[in-house]
$ cat entry.cif   # mmCIF, C-alpha atoms
data_input
#
loop_
_atom_site.label_atom_id
_atom_site.label_comp_id
_atom_site.auth_asym_id
_atom_site.auth_seq_id
_atom_site.Cartn_x
_atom_site.Cartn_y
_atom_site.Cartn_z
CA MET M 3 -47.93 -67.95 25.99
CA LYS M 4 -45.39 -65.13 25.82
CA GLU M 5 -43.15 -64.13 22.92
CA VAL M 6 -39.70 -64.29 24.49
CA TYR M 7 -37.30 -64.70 21.54
CA VAL M 8 -37.26 -63.69 17.88
CA LEU M 9 -34.84 -65.23 15.39
CA ALA M 10 -33.95 -62.74 12.63
CA THR M 11 -32.48 -64.43 9.54
CA GLU M 12 -31.38 -63.26 6.11
CA GLN M 13 -32.87 -66.43 4.64
CA SER M 14 -36.23 -65.35 3.20
CA VAL M 15 -37.65 -68.84 2.58
CA PRO M 16 -38.49 -70.84 5.72
CA PRO M 17 -36.88 -74.25 6.08
CA SER M 18 -38.82 -77.37 5.26
CA LEU M 19 -40.92 -78.70 8.12
CA ASP M 20 -39.91 -82.21 7.08
CA ALA M 21 -36.25 -81.26 7.51
CA LEU M 22 -37.04 -79.77 10.92
CA ARG M 23 -39.00 -82.88 11.90
CA ALA M 24 -35.87 -84.91 11.20
CA ALA M 25 -33.72 -82.45 13.15
CA PHE M 26 -36.00 -82.77 16.20
CA ALA M 27 -36.32 -86.55 15.88
CA THR M 28 -35.41 -87.78 19.38
CA ASP M 29 -37.23 -89.84 21.97
CA GLU M 30 -37.36 -86.85 24.33
CA VAL M 31 -38.99 -84.37 21.92
CA GLU M 32 -42.41 -84.23 20.25
CA PHE M 33 -42.47 -82.16 17.05
CA VAL M 34 -45.94 -80.98 15.98
CA PRO M 35 -46.33 -78.95 12.73
CA HIS M 36 -49.08 -76.34 12.75
CA GLU M 37 -52.01 -76.60 10.40
CA GLY M 38 -52.34 -73.80 7.88
CA ASP M 39 -49.56 -71.23 8.31
CA TRP M 40 -45.91 -72.28 8.66
CA GLY M 41 -44.97 -73.09 12.23
CA PHE M 42 -44.51 -75.88 14.74
CA THR M 43 -44.63 -76.73 18.44
CA VAL M 44 -41.96 -78.61 20.37
CA ARG M 45 -42.95 -80.43 23.55
CA ALA M 46 -40.32 -81.80 25.95
CA ASP M 47 -39.96 -82.36 29.70
CA GLY M 48 -43.44 -81.03 30.36
CA SER M 49 -42.76 -77.71 28.61
CA GLU M 50 -44.01 -76.43 25.27
CA VAL M 51 -42.37 -74.04 22.79
CA LYS M 52 -44.38 -72.61 19.92
CA VAL M 53 -42.55 -71.29 16.84
CA VAL M 54 -44.29 -69.12 14.24
CA LEU M 55 -43.13 -67.21 11.18
CA LYS M 56 -43.88 -63.54 11.81
CA PRO M 57 -45.72 -61.71 9.01
CA LEU M 58 -43.59 -59.42 6.86
CA SER M 59 -45.96 -56.60 7.81
CA ASP M 60 -44.61 -56.79 11.38
CA GLY M 61 -41.19 -55.77 10.10
CA ARG M 62 -37.83 -56.49 11.68
CA PRO M 63 -37.44 -56.35 15.46
CA ARG M 64 -36.54 -52.86 16.69
CA VAL M 65 -33.15 -53.15 18.39
CA PRO M 66 -31.93 -49.63 19.30
CA GLN M 67 -28.29 -49.80 20.34
CA GLU M 68 -28.91 -47.61 23.38
CA LEU M 69 -31.16 -50.34 24.81
CA PHE M 70 -29.87 -53.63 23.38
CA SER M 71 -26.52 -55.32 23.97
CA GLY M 72 -24.77 -57.20 21.18
CA SER M 73 -21.89 -57.07 18.75
CA PRO M 74 -21.88 -54.57 15.84
CA GLU M 75 -22.11 -57.55 13.50
CA ALA M 76 -25.25 -58.79 15.27
CA PHE M 77 -26.97 -55.41 14.92
CA ALA M 78 -26.06 -55.30 11.23
CA ARG M 79 -27.44 -58.80 10.63
CA VAL M 80 -30.76 -57.92 12.27
CA GLU M 81 -31.03 -54.87 9.99
CA LYS M 82 -30.49 -57.10 6.94
CA SER M 83 -32.89 -59.85 8.04
CA GLN M 84 -35.51 -61.08 5.57
CA ALA M 85 -37.58 -63.29 7.87
CA CYS M 86 -38.31 -63.47 11.59
CA TYR M 87 -39.46 -66.40 13.73
CA ALA M 88 -41.13 -65.86 17.10
CA PHE M 89 -40.63 -68.32 19.99
CA LEU M 90 -43.42 -68.42 22.53
CA LEU M 91 -43.40 -70.19 25.87
CA GLU M 92 -45.31 -70.29 29.12
CA PRO M 93 -43.04 -68.66 31.75
CA GLY M 94 -42.71 -69.94 35.29
CA GLY M 95 -43.73 -73.33 36.64
CA ALA M 96 -41.95 -75.49 39.19
CA GLN M 97 -38.68 -75.21 37.22
CA PRO M 98 -38.76 -71.78 35.54
CA THR M 99 -35.46 -72.32 33.73
CA LEU M 100 -36.76 -75.43 31.96
CA PRO M 101 -39.06 -73.80 29.36
CA VAL M 102 -36.39 -71.15 28.71
CA PHE M 103 -33.76 -73.76 27.92
CA GLU M 104 -36.20 -75.80 25.82
CA ALA M 105 -36.81 -72.62 23.83
CA LEU M 106 -33.08 -72.05 23.41
CA TRP M 107 -32.51 -75.63 22.23
CA THR M 108 -35.35 -75.10 19.76
CA VAL M 109 -33.70 -71.86 18.61
CA ARG M 110 -30.38 -73.65 18.20
CA THR M 111 -31.94 -76.38 16.08
CA LEU M 112 -33.76 -73.90 13.85
CA MET M 113 -30.57 -71.82 13.53
CA GLU M 114 -28.88 -74.82 11.94
CA GLN M 115 -31.47 -74.62 9.15
CA ALA M 116 -31.85 -70.82 9.10
CA PRO M 117 -28.76 -69.02 10.45
CA GLY M 118 -29.38 -65.64 12.01
CA VAL M 119 -29.34 -63.55 15.18
CA LEU M 120 -31.48 -64.30 18.22
CA VAL M 121 -33.22 -61.31 19.80
CA ASP M 122 -34.13 -61.69 23.49
CA MET M 123 -37.21 -59.46 23.62
CA THR M 124 -37.34 -59.45 27.43
CA ALA M 125 -33.67 -58.77 28.23
CA PHE M 126 -32.79 -56.57 25.23
CA LYS M 127 -29.94 -58.83 24.14
CA LEU M 128 -28.71 -60.07 20.76
CA HIS M 129 -27.20 -63.56 20.53
CA GLU M 130 -25.30 -64.98 17.59
CA PRO M 131 -25.24 -68.77 16.90
CA GLU M 132 -22.05 -69.39 18.88
CA ASP M 133 -23.60 -67.57 21.87
CA VAL M 134 -26.68 -69.79 21.78
CA ALA M 135 -24.49 -72.90 21.56
CA GLU M 136 -22.49 -71.85 24.63
CA ILE M 137 -25.58 -70.87 26.63
CA THR M 138 -27.18 -74.27 26.02
CA GLU M 139 -24.02 -76.30 26.64
CA LEU M 140 -22.32 -74.55 29.56
CA ASP M 141 -23.29 -73.90 33.16
CA PHE M 142 -26.17 -71.51 33.79
CA ASP M 143 -25.10 -67.85 33.86
CA ILE M 144 -27.86 -65.36 34.62
CA ARG M 145 -25.99 -62.69 32.65
CA ASP M 146 -26.98 -64.51 29.45
CA HIS M 147 -30.64 -64.00 30.33
CA VAL M 148 -30.97 -60.58 31.98
CA HIS M 149 -29.74 -57.08 31.30
CA LEU M 150 -29.03 -54.58 34.08
CA HIS M 151 -29.91 -50.98 33.35
CA ALA M 152 -28.68 -47.96 35.34
CA ILE M 153 -30.57 -44.65 35.19
CA GLU M 154 -29.74 -41.39 36.95
CA LEU M 155 -32.88 -40.28 38.80
CA ALA M 156 -31.68 -37.37 40.92
CA GLU M 157 -28.72 -35.22 41.83
CA GLY M 158 -26.12 -35.96 44.47
CA ASP M 159 -23.61 -38.71 45.20
CA THR M 160 -26.10 -41.59 44.92
CA PRO M 161 -28.45 -40.77 42.03
CA LEU M 162 -28.60 -44.16 40.30
CA TRP M 163 -31.48 -46.57 39.94
CA VAL M 164 -30.30 -50.02 38.81
CA HIS M 165 -32.84 -52.55 37.63
CA SER M 166 -33.04 -55.72 35.56
CA HIS M 167 -34.80 -56.65 32.33
CA GLY M 168 -35.44 -60.26 31.34
CA MET M 169 -36.80 -61.95 34.46
CA GLU M 170 -40.30 -62.19 33.01
CA LYS M 171 -39.13 -65.08 30.83
CA PHE M 172 -38.79 -67.01 34.10
CA GLY M 173 -42.22 -65.95 35.30
CA ALA M 174 -40.74 -63.54 37.85
CA ARG M 175 -40.71 -59.80 38.35
CA ASP M 176 -37.60 -57.84 37.50
CA VAL M 177 -35.62 -56.45 40.45
CA GLU M 178 -34.47 -52.94 41.32
CA ILE M 179 -32.35 -51.04 43.82
CA PHE M 180 -32.13 -47.28 44.41
CA HIS M 181 -29.76 -44.59 45.65
CA LEU M 182 -26.50 -45.95 44.23
CA GLY M 183 -23.34 -44.14 43.24
CA GLU M 184 -20.95 -44.91 40.38
CA GLY M 185 -18.69 -46.76 42.79
CA ASP M 186 -21.57 -49.08 43.75
CA LEU M 187 -22.31 -50.38 40.26
CA LEU M 188 -20.07 -53.45 40.13
CA ALA M 189 -21.09 -54.52 43.62
CA ALA M 190 -24.78 -53.96 42.79
CA GLU M 191 -24.45 -55.98 39.59
CA SER M 192 -22.91 -58.88 41.48
CA PHE M 193 -25.64 -58.79 44.13
CA LEU M 194 -28.50 -58.45 41.65
CA HIS M 195 -27.17 -61.24 39.44
CA GLU M 196 -27.06 -63.49 42.51
CA LEU M 197 -30.64 -62.52 43.41
CA CYS M 198 -31.90 -62.99 39.84
CA THR M 199 -30.31 -66.45 39.70
CA ASP M 200 -32.24 -67.51 42.80
CA LEU M 201 -35.47 -66.11 41.36
CA ALA M 202 -34.89 -67.85 38.02
CA PHE M 203 -34.69 -71.19 39.83
CA ALA M 204 -37.78 -70.39 41.93
CA GLN M 205 -35.59 -70.18 45.04
CA GLY M 206 -35.94 -66.47 45.69
CA PRO M 207 -36.60 -65.01 49.14
CA ALA M 208 -40.09 -64.56 50.49
CA LEU M 209 -41.52 -61.07 50.11
CA ARG M 210 -41.31 -58.67 53.06
CA SER M 211 -39.08 -61.07 55.00
CA GLU M 212 -35.55 -60.30 56.17
CA VAL M 213 -33.09 -62.58 54.38
CA ALA M 214 -29.30 -62.81 54.25
CA THR M 215 -27.09 -62.70 51.17
CA SER M 216 -24.30 -65.19 50.48
CA GLU M 217 -22.01 -62.57 52.07
CA GLY M 218 -24.04 -62.42 55.29
CA GLN M 219 -25.71 -59.01 54.88
CA SER M 220 -29.49 -58.68 55.30
CA PHE M 221 -32.13 -57.18 53.02
CA THR M 222 -35.84 -57.36 52.25
CA LEU M 223 -37.69 -57.70 48.94
CA VAL M 224 -40.84 -55.60 48.63
CA PRO M 225 -43.20 -55.18 45.64
CA SER M 226 -42.32 -51.93 43.88
CA GLU M 227 -45.84 -50.53 44.23
CA GLU M 228 -45.22 -50.54 47.98
CA ALA M 229 -41.51 -49.73 48.14
CA ARG M 230 -41.63 -46.69 45.88
CA ALA M 231 -44.16 -44.98 48.16
CA ASN M 232 -41.37 -43.81 50.48
CA LEU M 233 -38.87 -43.01 47.73
CA LEU M 234 -38.07 -39.34 48.20
CA GLY M 235 -36.69 -36.89 45.66
CA VAL M 236 -37.66 -38.91 42.56
CA PRO M 237 -39.99 -37.25 40.02
CA LEU M 238 -43.10 -39.17 39.00
CA ASP M 239 -42.10 -39.25 35.34
CA ALA M 240 -38.78 -40.96 36.14
CA PHE M 241 -40.30 -44.39 35.54
CA GLU M 242 -41.68 -43.64 32.09
CA GLY M 243 -41.08 -46.71 29.93
CA HIS M 244 -40.63 -48.83 33.04
CA GLU M 245 -44.25 -49.10 34.14
CA GLY M 246 -44.05 -52.82 34.84
CA LEU M 247 -44.01 -54.23 38.36
CA PHE M 248 -40.64 -54.82 40.02
CA LEU M 249 -39.29 -56.29 43.23
CA THR M 250 -37.46 -53.61 45.17
CA VAL M 251 -34.43 -54.30 47.36
CA VAL M 252 -34.57 -52.36 50.62
CA SER M 253 -32.97 -52.56 54.05
CA PRO M 254 -34.61 -54.77 56.72
CA LEU M 255 -36.28 -51.57 58.01
CA GLY M 256 -37.73 -50.83 54.58
CA ARG M 257 -35.34 -48.00 53.76
CA HIS M 258 -33.66 -47.44 50.40
CA ASN M 259 -30.18 -47.07 51.92
CA THR M 260 -28.27 -50.17 50.77
CA ALA M 261 -24.66 -49.09 51.28
CA GLU M 262 -24.10 -51.65 54.06
CA LEU M 263 -25.73 -54.41 52.01
CA LEU M 264 -23.26 -53.91 49.15
CA SER M 265 -20.14 -53.40 51.27
CA THR M 266 -18.97 -57.02 51.12
CA TYR M 267 -19.72 -57.27 47.40
CA ARG M 268 -17.32 -54.42 46.76
CA GLU M 269 -14.51 -56.59 48.14
CA ARG M 270 -14.92 -58.94 45.17
CA PHE M 271 -13.67 -56.20 42.90
CA ALA M 272 -10.74 -55.07 45.02
CA LYS M 273 -7.63 -55.25 42.86
CA GLU M 274 -5.07 -57.79 44.02
CA PRO M 275 -1.74 -56.02 44.71
CA ALA M 276 0.78 -56.67 41.94
CA GLU M 277 3.42 -57.79 44.45
CA GLN M 278 1.01 -60.35 45.89
CA THR M 279 0.22 -61.73 42.42
CA GLN M 280 3.94 -61.93 41.64
CA ALA M 281 4.69 -63.75 44.90
CA MET M 282 1.85 -66.22 44.26
CA HIS M 283 3.09 -66.78 40.70
CA GLU M 284 6.62 -67.58 41.90
CA GLU M 285 5.34 -69.98 44.55
CA ALA M 286 2.97 -71.69 42.11
CA GLN M 287 5.73 -72.14 39.53
CA ALA M 288 7.99 -73.71 42.16
CA LEU M 289 5.30 -76.23 43.16
CA LEU M 290 3.96 -76.82 39.64
CA PRO M 291 6.18 -79.83 38.65
CA ALA M 292 5.11 -81.78 41.75
CA PHE M 293 1.50 -80.60 41.33
CA LEU M 294 1.31 -81.83 37.73
CA ALA M 295 3.08 -85.09 38.55
CA ARG M 296 0.51 -85.84 41.26
CA PHE M 297 -2.33 -84.80 38.93
CA GLN M 298 -1.14 -87.16 36.19
CA ARG M 299 -1.10 -90.18 38.49
CA LYS M 300 -4.43 -89.39 40.15
CA GLY M 301 -6.49 -92.55 40.50
CA LEU M 302 -9.93 -92.75 38.92
CA MET M 303 -11.60 -93.19 42.29
CA GLU M 304 -9.52 -90.65 44.20
CA PRO M 305 -11.71 -87.79 45.49
CA LEU M 306 -9.15 -85.14 44.55
CA THR M 307 -9.79 -82.04 42.45
CA PHE M 308 -6.81 -80.16 41.00
CA LEU M 309 -7.27 -76.43 40.39
CA VAL M 310 -5.03 -73.81 38.80
CA ARG M 311 -5.42 -70.05 38.43
CA ALA M 312 -4.32 -68.02 35.43
CA PRO M 313 -4.94 -64.56 33.94
CA PHE M 314 -7.64 -64.10 31.29
CA GLU M 315 -8.28 -60.97 29.25
CA THR M 316 -11.82 -59.54 29.06
CA HIS M 317 -13.13 -56.47 27.26
CA PRO M 318 -15.95 -54.71 29.16
CA GLU M 319 -17.18 -51.75 27.13
CA GLY M 320 -14.14 -52.05 24.87
CA ASP M 321 -11.62 -51.73 27.71
CA VAL M 322 -9.04 -54.42 28.44
CA VAL M 323 -9.30 -55.97 31.91
CA VAL M 324 -7.26 -58.94 33.15
CA GLU M 325 -9.05 -61.31 35.52
CA ASN M 326 -7.51 -64.24 37.36
CA LEU M 327 -9.83 -67.23 36.94
CA TRP M 328 -9.71 -70.72 38.45
CA LEU M 329 -10.07 -73.84 36.33
CA GLU M 330 -10.32 -77.48 37.25
CA ALA M 331 -7.55 -79.38 35.49
CA VAL M 332 -8.88 -82.01 33.09
CA THR M 333 -5.78 -82.99 31.14
CA ARG M 334 -2.25 -81.83 30.43
CA ASP M 335 -0.92 -80.96 27.01
CA GLU M 336 2.67 -80.18 26.13
CA GLY M 337 3.49 -77.05 28.12
CA SER M 338 -0.13 -76.29 29.00
CA VAL M 339 -3.06 -77.36 31.17
CA VAL M 340 -6.56 -77.91 29.78
CA GLY M 341 -9.42 -77.48 32.20
CA ARG M 342 -12.95 -76.36 32.94
CA LEU M 343 -13.58 -72.87 34.33
CA VAL M 344 -14.87 -73.05 37.89
CA ASP M 345 -16.25 -69.50 37.71
CA GLY M 346 -16.92 -67.24 34.78
CA ALA M 347 -15.35 -63.84 34.26
CA VAL M 348 -16.79 -61.15 36.49
CA HIS M 349 -16.96 -58.28 34.01
CA THR M 350 -18.25 -60.03 30.86
CA THR M 351 -19.46 -63.43 29.61
CA GLU M 352 -16.46 -63.85 27.30
CA TRP M 353 -15.20 -66.60 29.62
CA ARG M 354 -18.24 -68.54 30.82
CA LYS M 355 -18.38 -70.85 33.80
CA GLY M 356 -17.95 -74.44 32.61
CA ALA M 357 -16.08 -73.52 29.43
CA HIS M 358 -13.07 -75.67 28.54
CA VAL M 359 -9.93 -73.57 28.22
CA GLU M 360 -6.20 -74.09 27.80
CA VAL M 361 -3.56 -72.10 29.70
CA GLU M 362 0.21 -72.16 29.37
CA GLU M 363 1.94 -73.62 32.42
CA LYS M 364 4.12 -70.51 32.72
CA GLN M 365 0.97 -68.37 33.20
CA ILE M 366 -0.31 -70.33 36.20
CA ASN M 367 -0.13 -68.09 39.27
CA ALA M 368 -1.89 -70.13 41.96
CA LEU M 369 -2.59 -73.78 42.76
CA ALA M 370 -5.18 -75.57 44.87
CA ILE M 371 -6.26 -79.13 45.57
CA ALA M 372 -9.58 -80.18 47.09
CA ARG M 373 -10.40 -83.52 48.67
CA GLU M 374 -14.10 -84.45 48.53
CA GLY M 375 -14.91 -80.81 47.88
CA ARG M 376 -12.87 -79.43 50.80
CA PRO M 377 -9.87 -77.29 49.81
CA LEU M 378 -6.62 -78.48 51.37
CA ASN M 379 -4.89 -75.89 53.51
CA GLU M 380 -1.33 -74.86 52.68
CA SER M 381 0.37 -77.44 54.93
CA GLU M 382 -1.84 -80.27 53.65
CA LEU M 383 -1.19 -79.31 50.04
CA ARG M 384 2.56 -79.14 50.57
CA ALA M 385 2.56 -82.50 52.37
CA LEU M 386 0.70 -84.09 49.47
CA LEU M 387 3.09 -82.63 46.90
CA THR M 388 6.23 -83.40 48.88
CA ALA M 389 5.59 -87.07 48.19
CA GLU M 390 6.26 -86.37 44.50
CA ARG M 391 9.81 -85.22 45.10
CA PRO M 392 12.54 -87.76 44.25
CA MET M 393 14.36 -89.26 47.24
#
$ encode --input "entry.cif" --output "structure tokens"
Amino acid sequence: MKEVYVLATEQSVPPSLDALRAAFATDEVEFVPHEGDWGFTVRADGSEVKVVLKPLSDGRPRVPQELFSGSPEAFARVEKSQACYAFLLEPGGAQPTLPVFEALWTVRTLMEQAPGVLVDMTAFKLHEPEDVAEITELDFDIRDHVHLHAIELAEGDTPLWVHSHGMEKFGARDVEIFHLGEGDLLAAESFLHELCTDLAFAQGPALRSEVATSEGQSFTLVPSEEARANLLGVPLDAFEGHEGLFLTVVSPLGRHNTAELLSTYRERFAKEPAEQTQAMHEEAQALLPAFLARFQRKGLMEPLTFLVRAPFETHPEGDVVVENLWLEAVTRDEGSVVGRLVDGAVHTTEWRKGAHVEVEEKQINALAIAREGRPLNESELRALLTAERPM
């Protein structure tokens, strides 16, 4: 079993195993206290999570800020911790995400008895209790489980090596891509997150085979011990501290030039012209009364999905970035729409996919309706909404 998570808590005395037994008392979970030293094992859905109290001689987890991501408060709480609990699991299996989520549910339950900060030892991330709650409740977001690291390996316009940390918790190798420039980073992150998600669900591409991305571009995955053999201009000591085995993204011909692969991903980050956003906002506001009227009288069995778009503020690296996100309308409050985010924010996990949010009606800048999963085109949408106008 592998130590994947460590819970650092300021509570020096471990919680009662009897209290934890009661907390885990469900038909789906088997709670087994360890004999001798404090600890327990949780078995559920064919997976097993082992929890042990780490000896004080081991000290607190080392969480250097240049490697780990987390809030200043989380770093401070780890430094003040008085006890640490290790969570061990067996990575991989037919459903690699299952043992990870069983571990996180176990963490969440223990956190209710011993509040603290969760340290992801594989992805170099710190998670506070509210983070763990969101990760376990909302749709899967690979960004909660991996950390992408960019290192400058050489000189020139494309010196960057971007690679992941955290995939080993899913029983998979981390991934890497070479020869990137600063302008490639967002596109590379989007591509690598997509690839890591497939690998986490055991749906990754076969090695050494040409495969297509969701955007239609082709690439090949090759074990790093093979792919790095033709990597030119990179000193041998560049991989110090990263001696583990990776999966390397290369072109179908085995080359490290990936500019064409990332070209369509760059389009995701193209800024929408302000005049286009304004025009869409005006059109959406004009159609909104009919849109909301039709939404409110939607029948329970009608295969219609009502979607609205609104601006959300995110804060990557302390900067303020406004992203327009789509949400599926769930209910209407006075002057606002409450819904579930269809996609999470691109730049951060502040707004996670599946989260319930509330937006003011005056902020809505685009509308959409889908029937049985197929978005209505503009004429179909207008025809549907025209029926709401008074005669």
$ residues_around --input "entry.cif" --residues "segment 259-262 of chain M" --least-positions-apart "6" --cutoff "8 Å" --atoms "all atoms listed in the file" --output "list of chain:residue names"
M:Phe180, M:His181, M:Leu182, M:Gln219, M:Val252, M:Ser253
$ closest_residue --input "entry.cif" --among "M:Gly185, M:Ala214, M:Lys171, M:Val322" --to "Ala272 of chain M" --atoms "all atoms listed in the file"
M:Gly185
$ resolve_selection --input "entry.cif" --expression "the PyMOL selection byres ((chain M and resi 31-47) around 10)" --output "PyMOL selection string"
chain M and resi 16-20+22-30+48-56+87-91+100-101+104-105+108
$ resolve_selection --input "entry.cif" --expression "the PyMOL selection byres ((chain M and resi 339) around 9)" --output "number ranges by chain"
M: 310, 331-338, 340-341, 359-363
$ axis_aligned_box --input "entry.cif" --around "segment 3-10 of chain M" --padding-each-side "4 Å" --output "JSON"
{"center_x": -40.9, "center_y": -65.3, "center_z": 19.3, "size_x": 22.0, "size_y": 13.2, "size_z": 21.4}
$ atom_distance --input "entry.cif" --atom1 "atom CA of Leu343 of chain M" --atom2 "atom CA of Phe314 of chain M"
11.0 Å
$ resolve_selection --input "entry.cif" --expression "the PyMOL selection byres ((chain M and resi 151) around 10)" --output "list of chain:residue names"
M:Leu69, M:Val148, M:His149, M:Leu150, M:Ala152, M:Ile153, M:Leu162, M:Trp163, M:Val164, M:His165, M:Ser166, M:His167, M:Glu178, M:Glu191
$ closest_residue --input "entry.cif" --among "M:His349, M:Lys4, M:Arg145, M:Arg342" --to "Arg311 of chain M" --atoms "all atoms listed in the file"
M:Arg342
$ closest_residue --input "entry.cif" --among "M:Leu9, M:Leu112, M:Ser14, M:His129" --to "Pro74 of chain M" --atoms "all atoms listed in the file"
M:His129
$ atom_distance --input "entry.cif" --atom1 "atom CA of Trp328 of chain M" --atom2 "atom CA of Gly218 of chain M"
23.6 Å
$ residues_near_point --input "entry.cif" --point "(-27.7, -70.9, 22.6)" --cutoff "12 Å" --atoms "only C-alpha atoms" --output "number ranges by chain"
M: 7, 9, 102-114, 118-122, 128-143, 146-147
$ residues_around --input "entry.cif" --residues "segment 279-295 of chain M" --least-positions-apart "4" --cutoff "10 Å" --atoms "all atoms listed in the file" --output "PDB file with C-alpha atoms, keeping the file's coordinate frame"
ATOM      1  CA  GLU M 274      -5.070 -57.790  44.020  1.00  0.00           C
ATOM      2  CA  PRO M 275      -1.740 -56.020  44.710  1.00  0.00           C
ATOM      3  CA  ARG M 299      -1.100 -90.180  38.490  1.00  0.00           C
ATOM      4  CA  LYS M 300      -4.430 -89.390  40.150  1.00  0.00           C
ATOM      5  CA  PHE M 308      -6.810 -80.160  41.000  1.00  0.00           C
ATOM      6  CA  LEU M 309      -7.270 -76.430  40.390  1.00  0.00           C
ATOM      7  CA  VAL M 310      -5.030 -73.810  38.800  1.00  0.00           C
ATOM      8  CA  ARG M 311      -5.420 -70.050  38.430  1.00  0.00           C
ATOM      9  CA  ALA M 312      -4.320 -68.020  35.430  1.00  0.00           C
ATOM     10  CA  ASN M 326      -7.510 -64.240  37.360  1.00  0.00           C
ATOM     11  CA  ALA M 331      -7.550 -79.380  35.490  1.00  0.00           C
ATOM     12  CA  THR M 333      -5.780 -82.990  31.140  1.00  0.00           C
ATOM     13  CA  ARG M 334      -2.250 -81.830  30.430  1.00  0.00           C
ATOM     14  CA  VAL M 339      -3.060 -77.360  31.170  1.00  0.00           C
ATOM     15  CA  GLU M 363       1.940 -73.620  32.420  1.00  0.00           C
ATOM     16  CA  LYS M 364       4.120 -70.510  32.720  1.00  0.00           C
ATOM     17  CA  GLN M 365       0.970 -68.370  33.200  1.00  0.00           C
ATOM     18  CA  ILE M 366      -0.310 -70.330  36.200  1.00  0.00           C
ATOM     19  CA  ASN M 367      -0.130 -68.090  39.270  1.00  0.00           C
ATOM     20  CA  ALA M 368      -1.890 -70.130  41.960  1.00  0.00           C
ATOM     21  CA  LEU M 369      -2.590 -73.780  42.760  1.00  0.00           C
ATOM     22  CA  ALA M 370      -5.180 -75.570  44.870  1.00  0.00           C
ATOM     23  CA  ILE M 371      -6.260 -79.130  45.570  1.00  0.00           C
ATOM     24  CA  LEU M 383      -1.190 -79.310  50.040  1.00  0.00           C
ATOM     25  CA  ARG M 384       2.560 -79.140  50.570  1.00  0.00           C
ATOM     26  CA  LEU M 386       0.700 -84.090  49.470  1.00  0.00           C
ATOM     27  CA  LEU M 387       3.090 -82.630  46.900  1.00  0.00           C
ATOM     28  CA  THR M 388       6.230 -83.400  48.880  1.00  0.00           C
ATOM     29  CA  ALA M 389       5.590 -87.070  48.190  1.00  0.00           C
ATOM     30  CA  GLU M 390       6.260 -86.370  44.500  1.00  0.00           C
ATOM     31  CA  ARG M 391       9.810 -85.220  45.100  1.00  0.00           C
ATOM     32  CA  PRO M 392      12.540 -87.760  44.250  1.00  0.00           C
TER      33      PRO M 392
END
